>>> print(open('work.cif').read())   # mmCIF, C-alpha atoms
data_entry
#
loop_
_atom_site.label_atom_id
_atom_site.label_comp_id
_atom_site.auth_asym_id
_atom_site.auth_seq_id
_atom_site.Cartn_x
_atom_site.Cartn_y
_atom_site.Cartn_z
CA MET A 1 30.14 -23.55 39.68
CA LYS A 2 32.22 -24.77 36.72
CA SER A 3 34.24 -22.11 34.98
CA TYR A 4 35.19 -21.74 31.31
CA ASP A 5 37.07 -19.33 29.12
CA VAL A 6 33.97 -18.84 26.97
CA ILE A 7 30.34 -19.97 27.06
CA ILE A 8 28.33 -20.17 23.83
CA VAL A 9 24.56 -19.92 24.17
CA GLY A 10 22.91 -21.53 21.16
CA ALA A 11 24.80 -24.34 19.42
CA GLY A 12 23.24 -24.29 15.98
CA SER A 13 25.18 -23.50 12.83
CA MET A 14 26.78 -20.26 14.04
CA GLY A 15 27.36 -21.38 17.61
CA MET A 16 28.79 -24.78 16.72
CA SER A 17 31.17 -23.24 14.21
CA THR A 18 32.30 -20.69 16.79
CA GLY A 19 32.76 -23.44 19.36
CA TYR A 20 35.05 -25.35 17.03
CA TYR A 21 37.28 -22.39 16.23
CA LEU A 22 37.60 -21.45 19.90
CA ALA A 23 38.24 -24.99 21.12
CA ARG A 24 40.84 -25.44 18.38
CA ARG A 25 42.65 -22.39 19.78
CA GLY A 26 42.79 -24.06 23.19
CA LEU A 27 40.04 -22.17 25.01
CA ARG A 28 37.95 -24.03 27.57
CA THR A 29 34.65 -23.83 25.71
CA LEU A 30 31.12 -24.70 26.82
CA LEU A 31 28.27 -24.85 24.30
CA ILE A 32 24.70 -24.83 25.62
CA ASP A 33 21.63 -25.63 23.53
CA ALA A 34 17.97 -26.11 24.42
CA PHE A 35 17.85 -29.07 22.02
CA ASP A 36 20.35 -31.55 20.54
CA PRO A 37 21.94 -30.08 17.41
CA PRO A 38 21.46 -30.66 14.59
CA HIS A 39 17.74 -30.49 15.32
CA ARG A 40 14.42 -29.33 13.89
CA GLU A 41 13.76 -26.39 16.21
CA GLY A 42 15.93 -23.78 14.53
CA SER A 43 16.94 -22.69 11.05
CA HIS A 44 19.44 -25.33 9.93
CA HIS A 45 17.34 -28.47 9.36
CA GLY A 46 15.84 -29.73 6.11
CA GLU A 47 18.95 -29.98 3.97
CA PRO A 48 20.38 -28.43 1.85
CA ARG A 49 21.22 -24.67 1.85
CA LEU A 50 22.41 -22.51 -1.03
CA ILE A 51 25.90 -21.07 -1.14
CA ARG A 52 26.47 -18.25 -3.62
CA HIS A 53 28.95 -15.41 -3.86
CA ALA A 54 27.45 -12.60 -5.97
CA TYR A 55 25.65 -10.46 -3.40
CA SER A 56 23.91 -7.12 -3.60
CA GLY A 57 24.33 -4.47 -0.91
CA HIS A 58 27.57 -4.02 1.01
CA PRO A 59 30.60 -5.74 -0.57
CA VAL A 60 31.41 -7.44 2.74
CA TYR A 61 28.82 -10.10 1.88
CA THR A 62 30.73 -11.22 -1.20
CA GLU A 63 34.04 -11.07 0.67
CA MET A 64 32.63 -13.21 3.46
CA ALA A 65 30.96 -15.64 1.04
CA ILE A 66 34.28 -16.28 -0.70
CA ARG A 67 35.98 -16.93 2.64
CA ALA A 68 33.08 -19.10 3.81
CA HIS A 69 33.49 -21.28 0.72
CA GLN A 70 37.20 -21.74 1.51
CA LEU A 71 36.39 -22.72 5.10
CA TRP A 72 33.74 -25.23 3.97
CA ASN A 73 36.37 -26.83 1.73
CA GLU A 74 38.75 -26.98 4.70
CA LEU A 75 36.05 -28.62 6.80
CA GLU A 76 35.48 -31.20 4.06
CA GLU A 77 39.18 -32.05 4.08
CA ARG A 78 39.21 -32.48 7.85
CA MET A 79 36.10 -34.66 7.83
CA GLU A 80 36.99 -36.49 4.59
CA ALA A 81 33.38 -36.01 3.47
CA GLN A 82 31.56 -33.94 0.86
CA LEU A 83 29.61 -31.10 2.47
CA LEU A 84 29.49 -28.62 -0.43
CA VAL A 85 28.14 -29.55 -3.88
CA GLN A 86 29.19 -27.17 -6.63
CA SER A 87 25.99 -27.49 -8.66
CA GLY A 88 25.88 -23.88 -9.86
CA VAL A 89 23.07 -21.53 -8.85
CA LEU A 90 20.61 -20.10 -11.39
CA ASN A 91 19.06 -16.82 -10.22
CA ILE A 92 15.94 -16.22 -12.33
CA THR A 93 14.11 -12.93 -12.44
CA ASP A 94 11.39 -10.97 -14.16
CA PRO A 95 13.48 -7.94 -15.24
CA ASN A 96 10.45 -5.73 -14.77
CA ARG A 97 10.79 -6.48 -11.05
CA TYR A 98 14.55 -6.76 -10.54
CA SER A 99 17.77 -6.51 -12.55
CA PHE A 100 21.03 -8.34 -11.81
CA LYS A 101 23.13 -5.77 -13.67
CA GLU A 102 24.57 -4.02 -10.60
CA ARG A 103 25.11 -7.27 -8.72
CA MET A 104 27.02 -8.79 -11.62
CA ALA A 105 29.20 -5.69 -11.95
CA ALA A 106 30.00 -5.75 -8.22
CA ALA A 107 30.76 -9.47 -8.35
CA ALA A 108 33.15 -9.00 -11.26
CA LYS A 109 35.16 -6.47 -9.23
CA GLN A 110 35.77 -9.18 -6.61
CA GLY A 111 36.63 -11.89 -9.11
CA VAL A 112 33.31 -13.74 -8.94
CA HIS A 113 32.30 -15.13 -12.33
CA THR A 114 28.67 -14.81 -13.36
CA GLU A 115 26.81 -15.25 -16.64
CA ARG A 116 23.79 -13.32 -17.86
CA LEU A 117 21.33 -15.63 -19.64
CA ASP A 118 18.18 -14.80 -21.57
CA ALA A 119 15.13 -17.05 -21.58
CA ASP A 120 16.18 -18.90 -24.76
CA GLU A 121 19.56 -19.81 -23.31
CA ILE A 122 17.99 -20.84 -20.00
CA HIS A 123 15.59 -23.17 -21.81
CA ARG A 124 18.41 -24.61 -23.90
CA ARG A 125 20.44 -25.53 -20.84
CA TRP A 126 17.62 -26.60 -18.51
CA LYS A 127 14.75 -28.03 -20.51
CA GLY A 128 12.44 -28.50 -17.55
CA LEU A 129 11.94 -24.75 -17.06
CA ARG A 130 8.99 -22.86 -18.57
CA LEU A 131 9.75 -19.15 -18.38
CA PRO A 132 8.19 -16.13 -20.13
CA GLU A 133 10.27 -14.85 -23.04
CA HIS A 134 11.31 -11.65 -21.27
CA PHE A 135 12.73 -13.43 -18.19
CA GLU A 136 16.48 -13.54 -17.63
CA ALA A 137 18.93 -15.00 -15.16
CA MET A 138 22.29 -14.59 -13.47
CA TYR A 139 24.11 -17.92 -13.34
CA GLU A 140 26.93 -18.59 -10.86
CA PRO A 141 28.76 -21.74 -11.98
CA ALA A 142 31.00 -21.86 -8.88
CA ALA A 143 28.05 -21.66 -6.47
CA GLY A 144 26.03 -24.60 -5.17
CA TYR A 145 24.55 -26.00 -1.98
CA LEU A 146 25.60 -27.21 1.45
CA ARG A 147 24.43 -30.28 3.35
CA SER A 148 23.39 -28.18 6.32
CA GLU A 149 22.79 -30.81 8.98
CA ALA A 150 25.98 -32.64 8.03
CA CYS A 151 27.85 -29.32 8.32
CA VAL A 152 26.56 -28.76 11.88
CA ASP A 153 27.42 -32.37 12.74
CA ALA A 154 30.94 -31.88 11.38
CA TYR A 155 31.59 -28.79 13.48
CA LYS A 156 30.09 -30.57 16.48
CA ALA A 157 32.43 -33.55 16.09
CA LEU A 158 35.49 -31.34 15.69
CA ALA A 159 34.56 -29.03 18.57
CA LEU A 160 34.19 -31.99 20.92
CA ALA A 161 37.37 -33.58 19.59
CA ASN A 162 39.21 -30.36 20.45
CA GLY A 163 37.96 -30.40 24.03
CA ALA A 164 34.75 -28.36 23.93
CA GLU A 165 31.87 -29.44 26.16
CA LEU A 166 28.26 -29.51 24.94
CA LEU A 167 25.15 -29.35 27.10
CA THR A 168 22.07 -30.47 25.15
CA HIS A 169 18.39 -30.21 26.09
CA THR A 170 19.43 -27.41 28.43
CA ALA A 171 17.50 -24.15 28.22
CA VAL A 172 19.14 -20.98 29.47
CA CYS A 173 17.05 -19.27 32.15
CA GLY A 174 19.15 -16.18 32.73
CA ILE A 175 22.43 -14.42 32.08
CA THR A 176 24.27 -12.08 34.43
CA ALA A 177 27.41 -10.18 33.48
CA TRP A 178 29.91 -7.75 34.91
CA LYS A 179 33.34 -6.67 33.76
CA GLY A 180 35.35 -9.64 32.55
CA SER A 181 32.85 -12.22 33.75
CA VAL A 182 29.51 -13.81 32.90
CA VAL A 183 27.23 -16.34 34.61
CA VAL A 184 24.80 -18.40 32.55
CA GLU A 185 21.97 -20.00 34.50
CA THR A 186 20.02 -23.12 33.53
CA ARG A 187 17.36 -24.99 35.46
CA ASN A 188 19.93 -27.37 36.93
CA ALA A 189 23.10 -25.34 37.35
CA LYS A 190 25.01 -22.12 36.83
CA TYR A 191 28.14 -21.79 34.72
CA HIS A 192 30.81 -19.14 34.88
CA GLY A 193 32.70 -17.81 31.90
CA ALA A 194 35.27 -15.11 31.30
CA LYS A 195 33.51 -14.35 28.01
CA ALA A 196 30.39 -15.43 26.13
CA VAL A 197 28.95 -15.67 22.63
CA LEU A 198 25.20 -15.48 22.11
CA THR A 199 24.00 -17.23 18.93
CA ALA A 200 20.42 -18.14 19.82
CA GLY A 201 18.88 -17.68 16.36
CA ALA A 202 15.10 -17.46 16.38
CA TRP A 203 15.18 -18.05 20.14
CA PHE A 204 16.89 -14.74 21.00
CA GLY A 205 13.60 -13.57 22.48
CA SER A 206 14.11 -16.03 25.33
CA LEU A 207 17.28 -14.18 26.36
CA ALA A 208 15.51 -10.85 26.98
CA PRO A 209 15.94 -8.58 28.84
CA PHE A 210 19.67 -9.35 29.06
CA VAL A 211 19.85 -8.80 25.32
CA SER A 212 16.98 -7.45 23.22
CA LEU A 213 17.56 -7.60 19.49
CA PRO A 214 15.24 -6.11 16.85
CA VAL A 215 14.76 -9.60 15.43
CA ARG A 216 11.44 -11.02 14.29
CA ALA A 217 11.12 -14.81 14.23
CA VAL A 218 9.02 -16.08 11.32
CA ARG A 219 7.62 -19.51 10.45
CA LYS A 220 8.74 -20.63 6.97
CA THR A 221 7.80 -23.74 5.02
CA VAL A 222 9.54 -25.82 2.35
CA GLY A 223 8.39 -28.79 0.32
CA TRP A 224 9.94 -31.62 -1.67
CA PHE A 225 7.98 -32.53 -4.81
CA GLU A 226 8.36 -35.59 -6.98
CA THR A 227 9.74 -34.86 -10.43
CA ASN A 228 8.80 -36.47 -13.73
CA ALA A 229 10.47 -39.55 -15.13
CA SER A 230 13.10 -37.52 -17.00
CA ASP A 231 16.36 -36.31 -15.51
CA ASP A 232 15.60 -32.61 -16.05
CA PHE A 233 15.54 -31.80 -12.35
CA LYS A 234 17.97 -34.37 -11.01
CA ALA A 235 21.11 -33.46 -9.07
CA GLY A 236 24.04 -33.31 -11.42
CA ARG A 237 21.95 -31.77 -14.18
CA PHE A 238 19.79 -29.13 -12.50
CA PRO A 239 21.31 -26.33 -10.37
CA GLY A 240 20.24 -24.69 -7.17
CA PHE A 241 17.98 -21.76 -7.99
CA THR A 242 16.26 -18.58 -6.92
CA LEU A 243 13.11 -17.27 -8.58
CA ASN A 244 11.94 -13.66 -8.35
CA THR A 245 8.49 -13.28 -9.93
CA GLU A 246 5.14 -11.60 -9.41
CA GLU A 247 4.21 -14.56 -7.21
CA GLY A 248 7.01 -13.74 -4.78
CA GLY A 249 10.59 -14.73 -4.04
CA TYR A 250 11.41 -18.45 -4.08
CA TYR A 251 14.49 -20.64 -3.86
CA GLY A 252 15.19 -24.31 -4.29
CA PHE A 253 17.37 -27.29 -5.10
CA PRO A 254 17.50 -30.19 -7.53
CA ASP A 255 16.10 -33.63 -6.82
CA ILE A 256 18.88 -35.16 -4.74
CA GLY A 257 18.82 -38.93 -4.57
CA GLY A 258 15.14 -39.17 -5.39
CA ALA A 259 14.04 -36.98 -2.47
CA GLY A 260 12.22 -34.62 -4.83
CA LEU A 261 12.85 -31.04 -5.91
CA LYS A 262 12.95 -28.78 -2.85
CA ILE A 263 11.34 -25.34 -2.99
CA GLY A 264 10.63 -22.67 -0.39
CA ARG A 265 9.48 -19.07 -0.29
CA HIS A 266 11.82 -16.39 1.02
CA ASP A 267 9.32 -13.58 1.57
CA THR A 268 6.12 -13.64 3.70
CA GLY A 269 5.70 -15.97 6.69
CA LEU A 270 3.93 -16.01 10.06
CA ASP A 271 5.38 -14.31 13.11
CA TRP A 272 6.36 -16.60 15.97
CA LYS A 273 7.73 -16.11 19.47
CA PRO A 274 9.50 -18.57 21.79
CA GLY A 275 6.93 -20.39 23.89
CA GLU A 276 4.16 -20.12 21.30
CA PRO A 277 2.85 -23.19 19.42
CA PHE A 278 4.68 -23.82 16.15
CA LEU A 279 2.54 -25.21 13.34
CA PRO A 280 4.10 -28.11 11.41
CA PHE A 281 4.06 -28.17 7.61
CA GLY A 282 0.48 -28.68 6.44
CA GLY A 283 -0.94 -26.73 9.36
CA LEU A 284 -2.14 -24.16 6.83
CA PRO A 285 -3.59 -24.87 3.37
CA GLU A 286 -1.18 -22.47 1.69
CA ASP A 287 1.83 -24.42 2.96
CA GLU A 288 1.61 -26.70 -0.06
CA GLU A 289 -0.62 -24.66 -2.36
CA GLU A 290 1.67 -21.66 -2.92
CA LEU A 291 4.69 -23.87 -3.58
CA ARG A 292 2.83 -26.14 -5.96
CA SER A 293 1.31 -23.27 -7.91
CA VAL A 294 4.73 -21.75 -8.64
CA LEU A 295 6.13 -25.11 -9.71
CA GLY A 296 3.13 -25.73 -11.93
CA LYS A 297 3.71 -22.42 -13.70
CA TYR A 298 7.50 -22.40 -14.09
CA MET A 299 8.64 -26.01 -13.52
CA PRO A 300 5.63 -28.21 -14.37
CA GLY A 301 7.71 -31.36 -14.51
CA ALA A 302 8.58 -30.90 -10.83
CA SER A 303 5.06 -30.40 -9.51
CA GLY A 304 4.34 -34.02 -8.74
CA ARG A 305 3.24 -35.57 -5.48
CA LEU A 306 4.40 -33.84 -2.32
CA ALA A 307 7.08 -36.17 -0.96
CA LYS A 308 7.48 -34.30 2.33
CA GLY A 309 7.28 -30.86 3.85
CA ALA A 310 8.99 -29.06 6.71
CA ALA A 311 8.61 -25.88 8.72
CA CYS A 312 11.57 -23.93 10.07
CA LYS A 313 12.29 -20.49 11.45
CA TYR A 314 13.74 -17.33 9.93
CA GLU A 315 15.12 -14.62 12.24
CA LEU A 316 14.57 -11.35 10.40
CA THR A 317 16.13 -8.00 11.16
CA PRO A 318 14.30 -4.90 9.86
CA ASP A 319 16.84 -4.46 7.04
CA GLU A 320 17.62 -8.21 6.64
CA ASP A 321 21.30 -7.53 7.31
CA PHE A 322 23.08 -9.56 9.97
CA ILE A 323 23.92 -8.64 13.55
CA ILE A 324 27.54 -9.35 14.53
CA ASP A 325 28.61 -7.10 17.37
CA ARG A 326 29.49 -6.84 21.03
CA HIS A 327 26.84 -6.49 23.72
CA PRO A 328 26.19 -2.74 24.21
CA GLN A 329 26.87 -2.87 27.97
CA HIS A 330 29.21 -5.87 28.12
CA PRO A 331 31.90 -5.81 25.42
CA HIS A 332 33.28 -9.20 26.48
CA ILE A 333 30.05 -10.76 25.18
CA VAL A 334 29.68 -11.25 21.41
CA VAL A 335 26.22 -11.27 19.86
CA ALA A 336 25.52 -12.84 16.43
CA GLY A 337 21.99 -13.17 15.08
CA GLY A 338 19.36 -11.90 12.68
CA PHE A 339 20.65 -13.95 9.77
CA SER A 340 17.38 -13.39 7.92
CA GLY A 341 17.07 -16.58 5.93
CA HIS A 342 20.33 -16.20 4.03
CA GLY A 343 22.90 -16.78 6.73
CA PHE A 344 23.71 -20.49 6.76
CA LYS A 345 26.26 -20.28 3.95
CA PHE A 346 28.18 -17.79 6.11
CA SER A 347 28.20 -19.86 9.30
CA SER A 348 31.75 -21.09 8.71
CA VAL A 349 33.15 -17.56 8.45
CA VAL A 350 30.83 -16.16 11.14
CA GLY A 351 32.29 -18.72 13.53
CA GLU A 352 35.77 -17.59 12.57
CA ILE A 353 34.82 -13.92 13.07
CA CYS A 354 33.17 -14.53 16.45
CA SER A 355 36.21 -16.46 17.66
CA GLN A 356 38.47 -13.56 16.62
CA MET A 357 36.25 -11.14 18.52
CA VAL A 358 36.38 -13.31 21.63
CA LEU A 359 40.17 -13.41 21.36
CA ASP A 360 40.30 -9.63 20.77
CA GLU A 361 41.98 -10.21 17.42
CA ALA A 362 41.52 -8.05 14.36
CA VAL A 363 38.63 -9.04 12.08
CA GLN A 364 39.65 -8.79 8.44
CA TYR A 365 36.20 -7.72 7.24
CA ASP A 366 34.33 -4.46 7.58
CA ILE A 367 31.54 -5.66 9.86
CA ARG A 368 30.24 -2.18 10.63
CA PRO A 369 27.08 -2.89 8.54
CA PHE A 370 26.24 -5.55 11.17
CA ALA A 371 26.49 -3.22 14.16
CA LEU A 372 23.61 -2.99 16.62
CA SER A 373 23.94 0.79 16.68
CA ARG A 374 22.44 1.04 13.18
CA PHE A 375 19.00 0.30 14.58
CA ALA A 376 19.16 3.39 16.76
CA ARG A 377 19.93 5.43 13.65
CA GLN A 378 17.07 3.75 11.78
CA ALA A 379 14.75 4.52 14.69
CA GLU A 380 15.53 8.21 14.34
CA ARG A 381 14.68 8.11 10.63
CA THR A 382 11.75 5.67 10.68
CA PRO A 383 10.16 5.28 14.13
CA SER A 384 7.82 2.52 12.96
CA ILE A 385 10.81 0.21 12.44
CA ALA A 386 12.05 0.77 15.96
CA GLN A 387 9.36 -1.34 17.61
CA GLY A 388 11.44 -4.48 18.04
CA GLY A 389 11.44 -5.23 14.33
CA ASP A 390 7.72 -6.00 14.13
#
>>> encode(input="work.cif", output="structure tokens")
Amino acid sequence: MKSYDVIIVGAGSMGMSTGYYLARRGLRTLLIDAFDPPHREGSHHGEPRLIRHAYSGHPVYTEMAIRAHQLWNELEERMEAQLLVQSGVLNITDPNRYSFKERMAAAAKQGVHTERLDADEIHRRWKGLRLPEHFEAMYEPAAGYLRSEACVDAYKALALANGAELLTHTAVCGITAWKGSVVVETRNAKYHGAKAVLTAGAWFGSLAPFVSLPVRAVRKTVGWFETNASDDFKAGRFPGFTLNTEEGGYYGFPDIGGAGLKIGRHDTGLDWKPGEPFLPFGGLPEDEEELRSVLGKYMPGASGRLAKGAACKYELTPDEDFIIDRHPQHPHIVVAGGFSGHGFKFSSVVGEICSQMVLDEAVQYDIRPFALSRFARQAERTPSIAQGGD
């Protein structure tokens, strides 16, 4: 049985980042993944992903987003490649549904610059939008988007260059742990580690009963739509965006290199469990219809032919806050999951945090909001939420 300082189960965005930071510190690191990252079976495929800094809720999100941005810039320097595009992010809302006032005030306290725009100003800057007169927006000029698959590839290359080992197409069948030791079993072999990090994403259900998280995996779809002949929606002119309307919550990206404007829906989705069939994009009529209808209403020039579609997986916690904690019975095992469709931007800093936890170093952020124990408290208040997050 080969032995390592740390074994990482799940080598997607969070796991690969963690693997790099640990290998760079000289730890004998093994990463295990059921597929070959970057791949289409998790949450990181179908580039790009938004990165923004003005967050609602606990201030730790903004603190971590700022640090994540710094780490992405460092990764770009190491790889000598652009991974982060500072396009700006336009967060559009119907103020009858949601106001950005508190978020902007909180962002200002942490030095994050935002601009409040009314519908007239939005239309002046981005002529392809068609918004009702009462709509408004919060614009983050320093925000943008990440080339997600290239980011995972970059961490993969650096982790391997620093001595980490990667097992691909290797599903984990079981985990056994006792004080100061862990054994991870696959179909072909067992591996021993002094410590472990579990970052299995939407596949955490396959690790039960060793770890049972209140995480619900959900099928989500995105589409790329051809834009009109003008440059209104082209990269370099149009920002990343979010859209909060009566139709639901949406997000998207400009037309990058002629691929089409990308749009997806953040809310709703179909529950999925590991081992169940996973419908590809187009498996349901609404996969295209709900995206096209929103574009037709608010961005008619970007509602052309569907260039392509994709289906990926969210991993939702009941409160949509992350889980970054130690295993309740085995404190030498770090658990990170439940990133709820807004976690990719943080994967650089989550990797740094997980590596610090493995090394028993102080974490500079207040990660108590990500503790597993909060679900026990929620169960006492609202028993219906306690049923595994369903």
>>> closest_atom_pairs(input="work.cif", of="stretch 246-335 of chain A", to="stretch 188-200 of chain A", cutoff="8 Å", atoms="all atoms listed in the file", output="CSV")
residue,atom,partner,partner_atom,distance
A:His332,CA,A:Lys195,CA,5.4
A:Ile333,CA,A:Ala196,CA,4.8
A:Val334,CA,A:Val197,CA,4.6
A:Val335,CA,A:Leu198,CA,4.9
>>> closest_residue(input="work.cif", among="A:Ile32, A:Ala11, A:Ala150, A:Ile51", to="A:Met79", atoms="only C-alpha atoms")
A:Ala150
>>> resolve_selection(input="work.cif", expression="the PyMOL selection byres ((chain A and resi 54-69) around 7)", output="PyMOL selection string")
chain A and resi 52-53+70-73+103-104+107+112+345-346+348-349+365-366
>>> atom_distance(input="work.cif", atom1="atom CA of A:Tyr314", atom2="atom CA of A:Ala159")
25.4 Å
>>> atom_distance(input="work.cif", atom1="atom CA of A:Glu121", atom2="atom CA of A:Glu133")
10.5 Å
>>> residues_around(input="work.cif", residues="A:Lys313", least_positions_apart="6", cutoff="8 Å", atoms="all atoms listed in the file", output="ChimeraX atom specification")
/A:41-43,202,217-220
>>> closest_atom_pairs(input="work.cif", of="stretch 251-308 of chain A", to="stretch 86-90 of chain A", cutoff="12 Å", atoms="only C-alpha atoms", output="tab-separated table")
residue	atom	partner	partner_atom	distance
A:Tyr251	CA	A:Leu90	CA	9.7
A:Gly252	CA	A:Val89	CA	9.5
A:Phe253	CA	A:Val89	CA	8.9
A:Pro254	CA	A:Ser87	CA	9.0
A:Asp255	CA	A:Ser87	CA	11.8
A:Ile256	CA	A:Ser87	CA	11.2
